[in-house]
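Have a look at target.cif below; it lists mmCIF, C-alpha atoms.
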data_entry
#
loop_
_atom_site.label_atom_id
_atom_site.label_comp_id
_atom_site.auth_asym_id
_atom_site.auth_seq_id
_atom_site.Cartn_x
_atom_site.Cartn_y
_atom_site.Cartn_z
CA MET A 220 64.29 109.77 55.62
CA THR A 221 65.86 108.86 52.31
CA ALA A 222 64.41 106.37 49.83
CA ASP A 223 66.96 103.79 50.98
CA ASP A 224 66.06 104.42 54.62
CA SER A 225 62.35 104.12 53.83
CA GLY A 226 62.89 100.86 51.95
CA ALA A 227 65.10 99.54 54.73
CA ALA A 228 62.51 100.36 57.36
CA SER A 229 59.87 98.57 55.33
CA ARG A 230 62.10 95.53 54.98
CA GLU A 231 62.77 95.57 58.72
CA ARG A 232 59.04 95.49 59.46
CA ASP A 233 58.57 92.66 56.96
CA THR A 234 61.39 90.68 58.55
CA GLU A 235 60.03 91.17 62.04
CA GLY A 236 56.67 90.00 60.78
CA GLY A 237 58.17 86.81 59.42
CA ALA A 238 58.71 87.68 55.75
CA VAL A 239 61.97 86.54 54.22
CA ASP A 240 64.00 88.55 51.69
CA ASP A 241 66.65 86.88 49.57
CA VAL A 242 69.86 88.59 50.62
CA PRO A 243 73.31 87.28 49.73
CA VAL A 244 75.31 86.26 52.72
CA GLY A 245 77.69 83.48 53.64
CA ASP A 246 77.21 79.84 52.82
CA PRO A 247 76.46 78.31 56.24
CA PRO A 248 74.43 75.16 56.90
CA GLY A 249 70.64 75.42 56.79
CA ALA A 250 68.67 77.37 59.35
CA GLY A 251 67.47 74.22 61.03
CA ASP A 252 70.98 73.42 62.23
CA GLU A 253 71.33 76.51 64.44
CA ASN A 254 70.07 74.90 67.63
CA ASP A 255 71.87 71.62 67.06
CA GLU A 256 74.98 72.13 69.18
CA ASN A 257 76.22 68.65 68.38
CA ASN A 258 76.22 69.19 64.64
CA ILE A 259 79.84 69.07 63.46
CA ALA A 260 79.26 71.57 60.65
CA VAL A 261 77.87 74.18 63.04
CA ARG A 262 80.64 73.55 65.58
CA LEU A 263 83.30 73.90 62.88
CA GLU A 264 81.72 77.12 61.63
CA GLN A 265 81.72 78.55 65.15
CA LEU A 266 85.35 77.51 65.59
CA ILE A 267 86.50 79.04 62.30
CA LEU A 268 84.47 82.25 62.53
CA GLY A 269 85.18 82.67 66.21
CA ALA A 270 81.64 83.78 67.03
CA ASP A 271 78.04 82.62 67.11
CA ARG A 272 75.38 83.58 64.61
CA ARG A 273 73.60 86.69 65.87
CA TYR A 274 72.30 88.79 62.99
CA THR A 275 70.10 88.54 59.95
CA PRO A 276 71.55 90.16 56.83
CA PHE A 277 69.30 93.18 57.35
CA GLN A 278 70.39 93.54 60.98
CA ALA A 279 74.05 93.29 59.94
CA ALA A 280 73.60 95.99 57.30
CA ARG A 281 71.85 98.26 59.79
CA GLY A 282 74.54 97.64 62.40
CA ALA A 283 77.24 98.54 59.86
CA GLY A 284 75.40 101.72 58.90
CA VAL A 285 75.01 100.79 55.23
CA SER A 286 72.00 100.39 53.01
CA MET A 287 70.67 96.91 52.39
CA ASP A 288 71.38 97.39 48.70
CA LEU A 289 75.07 98.16 49.27
CA ALA A 290 75.43 95.32 51.77
CA ALA A 291 73.90 92.95 49.22
CA ARG A 292 76.34 94.10 46.55
CA PHE A 293 79.30 93.60 48.88
CA TRP A 294 78.18 90.11 49.86
CA ARG A 295 77.56 89.08 46.26
CA ALA A 296 80.98 90.40 45.30
CA MET A 297 82.58 88.30 48.04
CA GLY A 298 80.91 85.22 46.55
CA PHE A 299 78.47 84.39 49.35
CA ALA A 300 75.21 82.65 48.69
CA ASP A 301 71.63 83.87 49.21
CA ILE A 302 70.01 82.40 52.32
CA GLY A 303 67.27 84.87 53.12
CA GLN A 304 66.72 86.66 56.41
CA VAL A 305 67.92 84.06 58.89
CA LYS A 306 70.29 84.75 61.74
CA ALA A 307 73.53 83.58 60.15
CA LEU A 308 75.96 86.49 60.54
CA THR A 309 78.41 87.47 63.25
CA GLU A 310 80.07 90.61 64.59
CA ALA A 311 82.89 90.03 62.09
CA ASP A 312 80.42 90.33 59.20
CA VAL A 313 79.17 93.63 60.55
CA LEU A 314 82.72 94.91 60.98
CA ALA A 315 83.68 93.89 57.43
CA LEU A 316 80.76 95.81 55.98
CA ARG A 317 81.59 98.80 58.14
CA ARG A 318 85.21 98.80 57.00
CA LEU A 319 84.37 98.64 53.30
CA ALA A 320 81.76 101.35 53.64
CA GLY A 321 84.19 103.44 55.69
CA LEU A 322 86.78 103.31 52.93
CA VAL A 323 84.17 104.63 50.51
CA GLU A 324 82.95 107.36 52.89
CA ALA A 325 86.54 108.51 53.52
CA GLY A 326 87.14 108.85 49.80
CA LEU A 327 89.93 106.27 49.81
CA LEU A 328 87.98 104.00 47.46
CA SER A 329 85.12 104.61 45.10
CA GLU A 330 82.11 102.38 45.56
CA ALA A 331 82.98 100.51 42.37
CA MET A 332 86.54 99.96 43.57
CA ALA A 333 85.32 98.70 46.95
CA ILE A 334 83.16 96.16 45.10
CA GLN A 335 86.25 95.10 43.14
CA VAL A 336 88.23 94.70 46.35
CA ALA A 337 85.49 92.49 47.76
CA ARG A 338 85.27 90.44 44.57
CA SER A 339 89.01 89.90 44.10
CA THR A 340 89.48 88.98 47.75
CA GLY A 341 86.51 86.64 47.70
CA GLN A 342 87.58 84.85 44.53
CA THR A 343 91.17 84.39 45.68
CA THR A 344 90.37 83.19 49.18
CA ALA A 345 87.55 80.93 47.97
CA ARG A 346 89.97 79.04 45.77
CA LEU A 347 92.51 78.88 48.58
CA ALA A 348 89.94 77.56 51.06
CA ASP A 349 88.70 74.93 48.60
CA TRP A 350 92.25 73.75 47.96
CA GLN A 351 93.03 73.53 51.65
CA ILE A 352 89.95 71.48 52.40
CA ASP A 353 90.09 69.26 49.31
CA SER A 354 93.80 68.57 49.30
CA PHE A 355 95.31 69.41 52.66
CA LEU A 356 92.70 68.44 55.22
CA GLU A 357 91.47 65.46 53.24
CA GLY A 358 94.89 63.86 53.38
CA LEU A 359 95.32 64.55 57.07
CA THR A 360 91.89 63.37 58.15
CA GLU A 361 91.96 59.85 56.77
CA PRO A 362 90.64 57.45 59.40
CA GLN A 363 93.43 56.58 61.80
CA ASP A 364 94.35 53.39 63.60
CA SER A 365 92.74 54.85 66.73
CA GLY A 366 89.35 54.06 65.27
CA LEU A 367 88.28 57.70 65.11
CA THR A 368 86.29 58.77 62.07
CA ARG A 369 87.32 61.59 59.76
CA THR A 370 84.59 63.77 61.29
CA GLU A 371 85.90 63.17 64.79
CA ILE A 372 89.45 64.05 63.74
CA THR A 373 88.57 67.16 61.73
CA TYR A 374 87.52 69.42 64.61
CA PRO A 375 90.66 69.13 66.78
CA LEU A 376 92.81 69.27 63.66
CA VAL A 377 91.23 72.51 62.47
CA GLU A 378 91.50 73.87 66.00
CA LEU A 379 95.26 73.32 65.92
CA LEU A 380 95.84 74.49 62.34
CA LEU A 381 93.58 77.54 62.21
CA PRO A 382 95.81 80.10 64.03
CA GLU A 383 98.93 78.93 62.21
CA LEU A 384 97.32 79.08 58.77
CA GLU A 385 95.84 82.49 59.54
CA GLU A 386 99.22 83.92 60.51
CA PHE A 387 100.86 82.40 57.45
CA LEU A 388 98.17 83.79 55.15
CA VAL A 389 98.70 87.31 56.47
CA TYR A 390 102.48 86.93 56.12
CA VAL A 391 102.30 85.79 52.49
CA TRP A 392 99.76 88.50 51.65
CA ARG A 393 101.99 91.22 53.08
CA ARG A 394 104.97 89.86 51.14
CA GLN A 395 103.00 89.77 47.91
CA LEU A 396 101.60 93.25 48.56
CA ALA A 397 105.11 94.60 49.11
CA ALA A 398 106.31 93.04 45.84
CA ALA A 399 103.33 94.37 43.88
CA THR A 400 103.74 97.84 45.37
CA GLY A 401 107.42 97.82 44.44
CA ARG A 402 106.56 97.05 40.82
CA VAL A 403 104.11 99.96 40.72
CA VAL A 404 106.60 102.38 42.26
CA ARG A 405 109.20 101.40 39.67
CA ALA A 406 106.77 102.11 36.82
CA GLN A 407 108.01 104.94 34.62
CA ASP A 408 104.74 106.87 34.60
CA ASP A 409 101.16 106.71 35.83
CA ALA A 410 99.87 105.11 32.62
CA GLU A 411 102.39 102.28 32.98
CA MET A 412 100.89 101.36 36.35
CA VAL A 413 97.79 100.03 34.56
CA ASP A 414 98.85 99.48 30.96
CA ARG A 415 102.36 98.05 31.30
CA ARG A 416 104.87 96.51 28.93
CA LEU A 417 105.41 92.94 30.04
CA ALA A 418 106.56 89.61 28.70
CA VAL A 419 103.63 87.22 28.86
CA GLY A 420 103.95 83.47 28.38
CA PHE A 421 101.74 80.40 28.20
CA ALA A 422 102.97 76.85 28.84
CA ASP A 423 100.68 74.11 27.57
CA LEU A 424 100.77 70.32 27.95
CA VAL A 425 100.54 68.59 24.56
CA GLY A 426 97.86 65.93 24.14
CA PHE A 427 96.14 66.62 27.44
CA THR A 428 92.67 65.87 26.05
CA ARG A 429 93.77 62.37 25.07
CA LEU A 430 95.21 61.87 28.55
CA THR A 431 91.87 62.70 30.16
CA ARG A 432 90.36 59.71 28.34
CA ARG A 433 93.19 57.35 29.22
CA LEU A 434 94.03 58.15 32.84
CA GLU A 435 91.99 57.52 35.95
CA ASP A 436 90.67 60.63 37.72
CA GLU A 437 93.18 60.30 40.56
CA GLU A 438 96.11 59.86 38.15
CA LEU A 439 94.98 62.87 36.14
CA GLY A 440 94.69 64.96 39.28
CA GLU A 441 98.20 63.99 40.37
CA LEU A 442 99.60 64.88 36.93
CA VAL A 443 97.92 68.29 36.92
CA GLU A 444 99.10 69.00 40.45
CA ALA A 445 102.69 68.02 39.58
CA PHE A 446 102.57 70.20 36.46
CA GLU A 447 101.21 73.23 38.30
CA THR A 448 103.67 72.79 41.16
CA THR A 449 106.67 72.52 38.84
CA CYS A 450 105.60 75.56 36.83
CA SER A 451 104.86 77.62 39.94
CA ASP A 452 108.24 76.86 41.46
CA LEU A 453 110.19 77.59 38.27
CA VAL A 454 108.34 80.82 37.51
CA ALA A 455 108.83 82.12 41.05
CA ALA A 456 112.47 81.00 41.32
CA HIS A 457 113.50 82.92 38.21
CA GLY A 458 111.70 86.16 39.01
CA GLY A 459 108.43 85.81 37.12
CA ARG A 460 104.84 85.84 38.34
CA LEU A 461 102.36 83.03 37.90
CA ILE A 462 99.13 84.70 36.79
CA LYS A 463 96.88 81.65 36.78
CA THR A 464 96.69 77.93 36.10
CA LEU A 465 94.16 76.32 33.78
CA GLY A 466 94.70 72.62 34.38
CA ASP A 467 96.86 71.75 31.39
CA GLU A 468 98.08 75.33 30.89
CA VAL A 469 99.72 78.06 32.95
CA LEU A 470 99.98 81.78 32.29
CA PHE A 471 102.99 83.69 33.60
CA ALA A 472 104.43 87.18 33.22
CA ALA A 473 107.74 88.93 33.77
CA ASP A 474 108.90 92.54 33.65
CA ASP A 475 112.05 91.54 31.77
CA ALA A 476 112.20 89.61 28.49
CA GLY A 477 115.37 87.82 29.59
CA ILE A 478 113.59 86.49 32.69
CA ALA A 479 110.66 85.26 30.61
CA ALA A 480 113.03 83.57 28.12
CA GLU A 481 114.82 81.77 30.94
CA ILE A 482 111.51 80.62 32.43
CA GLY A 483 110.23 79.33 29.09
CA LEU A 484 113.36 77.30 28.36
CA ARG A 485 113.60 76.00 31.94
CA LEU A 486 110.03 74.75 31.73
CA ILE A 487 110.78 72.84 28.54
CA GLU A 488 114.03 71.40 29.91
CA THR A 489 112.52 70.36 33.23
CA MET A 490 109.47 68.66 31.75
CA ALA A 491 111.60 66.88 29.15
CA HIS A 492 113.50 65.14 31.95
CA ASP A 493 110.30 63.95 33.65
CA GLU A 494 109.09 60.72 32.04
CA THR A 495 105.68 61.05 33.67
CA MET A 496 104.97 64.34 31.90
CA PRO A 497 103.70 64.87 28.35
CA GLU A 498 105.57 67.15 25.98
CA LEU A 499 105.28 70.88 26.59
CA ARG A 500 105.08 73.90 24.33
CA VAL A 501 105.55 77.54 25.29
CA GLY A 502 104.61 80.81 23.60
CA ILE A 503 105.82 84.23 24.77
CA ALA A 504 104.97 87.74 23.56
CA PHE A 505 106.13 91.18 24.67
CA GLY A 506 104.09 94.35 24.72
CA THR A 507 101.49 96.46 26.45
CA VAL A 508 99.30 94.54 28.88
CA THR A 509 96.28 95.66 30.88
CA THR A 510 96.16 94.28 34.42
CA ARG A 511 92.92 93.81 36.33
CA MET A 512 92.36 91.91 39.60
CA GLY A 513 95.64 90.07 39.26
CA ASP A 514 94.93 88.95 35.68
CA VAL A 515 96.33 90.26 32.39
CA PHE A 516 94.48 91.15 29.21
CA GLY A 517 95.10 92.53 25.76
CA THR A 518 96.53 91.75 22.35
CA THR A 519 99.89 90.71 23.80
CA VAL A 520 98.22 88.02 25.90
CA ASN A 521 96.19 86.80 22.92
CA LEU A 522 99.33 86.63 20.79
CA ALA A 523 101.18 84.59 23.42
CA SER A 524 98.25 82.17 23.51
CA ARG A 525 98.24 81.81 19.71
CA LEU A 526 102.01 81.26 19.62
CA THR A 527 101.61 78.47 22.15
CA SER A 528 98.98 76.74 20.02
CA ILE A 529 101.28 76.69 16.95
CA ALA A 530 104.55 75.89 18.75
CA PRO A 531 106.12 72.50 17.96
CA LYS A 532 106.51 70.08 20.86
CA ASP A 533 109.18 70.96 23.41
CA THR A 534 109.91 74.37 21.93
CA VAL A 535 109.49 78.04 22.84
CA LEU A 536 108.07 80.41 20.21
CA VAL A 537 108.26 84.18 20.70
CA ASP A 538 106.95 87.14 18.74
CA GLN A 539 108.87 89.81 16.86
CA ALA A 540 108.58 92.35 19.69
CA PHE A 541 109.99 89.85 22.18
CA ALA A 542 112.93 89.05 19.86
CA GLU A 543 113.66 92.75 19.45
CA GLU A 544 113.51 93.31 23.23
CA LEU A 545 116.00 90.47 23.84
CA GLY A 546 118.31 92.15 21.34
CA ARG A 547 117.86 95.56 22.93
CA ILE A 548 118.86 94.35 26.39
CA GLY A 549 121.78 92.32 25.02
CA ASP A 550 120.48 88.83 25.84
CA ALA A 551 120.34 87.77 22.18
CA PRO A 552 122.04 89.02 19.00
CA VAL A 553 120.06 91.43 16.92
CA SER A 554 121.46 89.68 13.85
CA GLU A 555 123.04 86.23 13.77
CA ALA A 556 125.10 87.32 10.76
CA ASP A 557 126.54 90.27 12.69
CA ALA A 558 127.21 88.04 15.69
CA ALA A 559 129.02 85.50 13.50
CA ALA A 560 131.12 88.24 11.88
CA ALA A 561 132.08 89.63 15.31
CA GLU A 562 133.10 86.15 16.52
CA LYS A 563 135.20 85.58 13.40
CA ALA A 564 136.93 88.94 13.75
CA ALA A 565 137.72 88.17 17.39
CA GLU A 566 139.21 84.78 16.46
CA GLU A 567 141.41 86.41 13.83
CA GLY A 568 142.52 89.08 16.27
CA THR A 569 141.11 91.90 14.17
CA GLY A 570 138.24 92.88 16.39
CA ALA A 571 137.15 93.32 19.99
CA PRO A 572 135.96 90.29 21.97
CA PRO A 573 132.38 89.53 20.86
CA PRO A 574 129.57 90.01 23.37
CA THR A 575 128.28 86.98 25.22
CA TYR A 576 124.65 86.15 24.54
CA ARG A 577 122.41 83.95 26.65
CA PHE A 578 119.87 83.13 23.96
CA GLY A 579 119.64 82.53 20.26
CA LEU A 580 116.71 83.31 17.95
CA GLN A 581 115.78 81.55 14.73
CA PRO A 582 113.13 83.13 12.47
CA MET A 583 110.30 80.76 11.57
CA TRP A 584 107.73 80.78 8.82
CA GLN A 585 105.29 83.64 8.56
CA ARG A 586 101.70 82.61 9.00
CA PRO A 587 98.28 84.18 9.53
CA VAL A 588 96.94 84.00 13.07
CA ARG A 589 93.22 84.33 13.62
CA GLY A 590 92.33 87.79 14.86
CA LEU A 591 95.95 89.02 14.79
CA GLY A 592 96.91 89.04 11.13
CA VAL A 593 100.23 87.68 9.83
CA VAL A 594 102.89 87.03 12.47
CA GLU A 595 106.50 85.89 12.23
CA PRO A 596 107.36 83.64 15.17
CA TRP A 597 110.93 83.17 16.35
CA LEU A 598 112.25 79.94 17.81
CA LEU A 599 114.02 80.62 21.13
CA ASN A 600 116.95 78.49 22.22
CA ARG A 601 120.00 78.62 24.41
CA ARG A 602 123.15 79.88 22.79
CA ASP A 603 126.18 77.60 23.10
#

Give the structure from the file, written as C-alpha cells.
Amino acid sequence: MTADDSGAASRERDTEGGAVDDVPVGDPPGAGDENDENNIAVRLEQLILGADRRYTPFQAARGAGVSMDLAARFWRAMGFADIGQVKALTEADVLALRRLAGLVEAGLLSEAMAIQVARSTGQTTARLADWQIDSFLEGLTEPQDSGLTRTEITYPLVELLLPELEEFLVYVWRRQLAAATGRVVRAQDDAEMVDRRLAVGFADLVGFTRLTRRLEDEELGELVEAFETTCSDLVAAHGGRLIKTLGDEVLFAADDAGIAAEIGLRLIETMAHDETMPELRVGIAFGTVTTRMGDVFGTTVNLASRLTSIAPKDTVLVDQAFAEELGRIGDAPVSEADAAAAEKAAEEGTGAPPPTYRFGLQPMWQRPVRGLGVVEPWLLNRRD
C-alpha cells in the first residue's frame, strides 16, 4: 500500500466514524437541505446536474481511482468550494475525475496541464453561468400576471432552457476550438505557438470613474453592457479576438496589424456616434506575446496599455513596431514624404500609379513611459 493509499484508508475510516475533512467540492446548498424534497434549490440542482447526491468527496475520489490529494487539487482548480465530507457529489463528478486522471495516466496531459485544463474551464464556465443567471434568467423570471412568483417560474423555465443552452454551449465551444486550432496550425514554428507576434489593443472609456459617482447602479450597468457588447461585436466582425473585458476597458488581439487598425478606428467611430457613450481612447502595439489560458502577457501588452493611458480622446495611438508592420504589409506608407512624391509623379504622368493605402500614420512626441523607457507613439487615422 502506498503512502497515498494508507492516508486514504485512514481518511475513509475517519469519515465512516463521523469525522469530517475539508475537501473542495461543488457549491451546493447546506447538508441539511438534502432530505427536503420541496426545497427549490435542491430541486433545481437535481434538474441541472441530472442526478441525485450519492457520494462524499472521498467516495468520489475512490470511485474515480484517484488519490484524495489529486481529487482535491482538481476540485480547487475548477473553483468549487470546501464543504467537508457530506454526500454532495454525483456520478458525473466521479466520471469527470476519472477522465482527467485518465488523460494524465495515458500521457496525453501532464498533471500540471490537467490542473490548468480544470482551472481554465472552471473560470470560463463560472463567469458564463453567473452571467446567465444574473442577466438572462433574472429578466425572464420577473413575476408574471399569472400571479406566480419568480421561484415558481424558475424551475419550469430552466427545465425548458437547459437542453437548448447545453447544445448551444457545445456548438460554440467546438467552433472556437476549431478557430484556435487553425491559428496554431498556421504558426510558422513551434515557438510561435506559445510566443506569437500579435497586434494587441486596449480600448478604454474616458472619465469612467467620474461616471460611477454620477450614475445610478442600473444605469452604470447598462452602459458597461452596451460598451462590452459593441466592442465584442466589432472585434469579432473584423477578424479579431476579444481577450477580456474589464468594465470600462476591453483587451483585444489580432494576427494582422491591418485588422487591429481597422478595429481600433471602428471602435472610435462607432462610439463617437453614440451620444450615450463617453469618449474612447485606443492603444495598439505589435510584437511577441505570450498566451496562457486564453489571456495574453508580455511587454507588448504592457506597451499597448500605456499607449491607451496617454492617448488623446477619440484617437488611436500605436507603437513604432505596429507602424512598421502596417508599412510592411502595404496598409500604410512607410514614409508620407515618399507617398506624396509618388502621388505627385502620378499626377504629372511621370510615374506609375501610386499604391492605395488604407491608413495614415502621424508621428507624435517622444515621451518616457514607466517601465518601458522612451517610446514614440504614432497617431493612426484613415487615409483619404

Specify as JSON, numbers by chain each residue included when the PyMOL selection byres ((chain A and resi 578-581) around 12) is applied to this file. {"A": [476, 477, 478, 479, 480, 481, 483, 484, 534, 535, 536, 537, 538, 539, 541, 542, 543, 544, 545, 546, 548, 549, 550, 551, 552, 553, 554, 555, 556, 558, 559, 574, 575, 576, 577, 582, 583, 584, 595, 596, 597, 598, 599, 600, 601, 602, 603]}

Using all atoms listed in the file, which residues sit within 9 Å of A:Val313 once same-chain residues fewer than 6 positions away are excluded, as a list in words? Tyr274, Gln278, Ala279, Ala280, Arg281, Gly282 and Ala283 of chain A

Using all atoms listed in the file, can you tell me which of A:Gln342, A:Thr309, A:Thr400, A:Gln304 comes closest to A:Gly269? A:Thr309

Given the choices A:Thr344, A:Ser329, A:Thr448, A:Asn258, which gets closest to A:Tyr374 if the distance is worked out from all atoms listed in the file? A:Asn258

Taken to one decimal, the atom CA of A:Asp475-atom CA of A:Gly506 distance is 11.0 Å

Would you mind listing what lies within 10 Å of A:Ile267 as a list in words, with all atoms listed in the file counted and same-chain residues fewer than 6 positions away left out?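 Selected residues are Val261, Tyr374, Val377, Glu378, Leu381 and Pro382 of chain A.
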
Export of prior selection with C-alpha atoms as an mmCIF file, in the coordinates of the input:
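As written to disk, again28.cif reads:
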data_model
loop_
_atom_site.group_PDB
_atom_site.id
_atom_site.type_symbol
_atom_site.label_atom_id
_atom_site.label_comp_id
_atom_site.auth_asym_id
_atom_site.auth_seq_id
_atom_site.Cartn_x
_atom_site.Cartn_y
_atom_site.Cartn_z
ATOM 1 C CA VAL A 261 77.870 74.180 63.040
ATOM 2 C CA TYR A 374 87.520 69.420 64.610
ATOM 3 C CA VAL A 377 91.230 72.510 62.470
ATOM 4 C CA GLU A 378 91.500 73.870 66.000
ATOM 5 C CA LEU A 381 93.580 77.540 62.210
ATOM 6 C CA PRO A 382 95.810 80.100 64.030
#

Have a look at atom CA of A:Leu499 and atom CA of A:Arg525 and let me know their distance in Å, one decimal.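 Calculated distance between atom CA of A:Leu499 and atom CA of A:Arg525 is 14.7 Å.
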
Could you jot down the atom CA of A:Cys450 to atom CA of A:Gln395 separation for me, Å, one decimal place? 18.2 Å

Name the residues that the PyMOL selection byres ((chain A and resi 337) around 12) picks from the file above, as an MDAnalysis selection string, using the file's chain letters and numbers. chainID A and resid 289:299 315:316 318:320 328 330:336 338:345 512

Convert the output of the PyMOL selection byres ((chain A and resi 308) around 8) on the shown file into explicit residues, formatted as a PyMOL selection string. chain A and resi 244-245+271-276+279+306-307+309-313

Atoms added to stretch 368-392 of chain A (N, CA and C atoms), reported as a compact mmCIF listing (two decimals), in the frame of the given file:
# COMPACT_ATOMS: atom_id res chain seq x y z
N THR A 368 86.72 58.47 63.43
CA THR A 368 86.29 58.77 62.07
C THR A 368 86.91 60.08 61.61
N ARG A 369 86.81 60.34 60.31
CA ARG A 369 87.32 61.59 59.76
C ARG A 369 86.64 62.78 60.42
N THR A 370 85.33 62.68 60.65
CA THR A 370 84.59 63.77 61.29
C THR A 370 85.12 64.05 62.68
N GLU A 371 85.41 62.99 63.42
CA GLU A 371 85.90 63.17 64.79
C GLU A 371 87.30 63.77 64.82
N ILE A 372 88.09 63.52 63.79
CA ILE A 372 89.45 64.05 63.74
C ILE A 372 89.47 65.49 63.25
N THR A 373 88.53 65.86 62.39
CA THR A 373 88.57 67.16 61.73
C THR A 373 88.54 68.32 62.72
N TYR A 374 87.66 68.28 63.70
CA TYR A 374 87.52 69.42 64.61
C TYR A 374 88.81 69.74 65.36
N PRO A 375 89.41 68.78 66.07
CA PRO A 375 90.66 69.13 66.78
C PRO A 375 91.79 69.51 65.82
N LEU A 376 91.77 68.93 64.62
CA LEU A 376 92.81 69.27 63.66
C LEU A 376 92.68 70.71 63.20
N VAL A 377 91.46 71.12 62.86
CA VAL A 377 91.23 72.51 62.47
C VAL A 377 91.56 73.45 63.62
N GLU A 378 91.22 73.05 64.83
CA GLU A 378 91.50 73.87 66.00
C GLU A 378 92.99 74.15 66.15
N LEU A 379 93.81 73.15 65.83
CA LEU A 379 95.26 73.32 65.92
C LEU A 379 95.82 74.13 64.74
N LEU A 380 95.28 73.87 63.55
CA LEU A 380 95.84 74.49 62.34
C LEU A 380 95.39 75.93 62.13
N LEU A 381 94.19 76.26 62.56
CA LEU A 381 93.58 77.54 62.21
C LEU A 381 94.47 78.74 62.53
N PRO A 382 94.98 78.90 63.75
CA PRO A 382 95.81 80.10 64.03
C PRO A 382 97.09 80.14 63.23
N GLU A 383 97.68 78.96 62.98
CA GLU A 383 98.93 78.93 62.21
C GLU A 383 98.69 79.30 60.75
N LEU A 384 97.63 78.75 60.17
CA LEU A 384 97.32 79.08 58.77
C LEU A 384 96.94 80.53 58.61
N GLU A 385 96.23 81.08 59.60
CA GLU A 385 95.84 82.49 59.54
C GLU A 385 97.07 83.40 59.56
N GLU A 386 98.00 83.13 60.45
CA GLU A 386 99.22 83.92 60.51
C GLU A 386 100.02 83.81 59.22
N PHE A 387 100.09 82.60 58.68
CA PHE A 387 100.86 82.40 57.45
C PHE A 387 100.21 83.12 56.27
N LEU A 388 98.88 83.10 56.22
CA LEU A 388 98.17 83.79 55.15
C LEU A 388 98.47 85.28 55.17
N VAL A 389 98.43 85.88 56.35
CA VAL A 389 98.70 87.31 56.47
C VAL A 389 100.14 87.61 56.07
N TYR A 390 101.07 86.74 56.48
CA TYR A 390 102.48 86.93 56.12
C TYR A 390 102.68 86.92 54.61
N VAL A 391 102.13 85.90 53.94
CA VAL A 391 102.30 85.79 52.49
C VAL A 391 101.63 86.98 51.79
N TRP A 392 100.45 87.36 52.26
CA TRP A 392 99.76 88.50 51.65
C TRP A 392 100.59 89.77 51.76
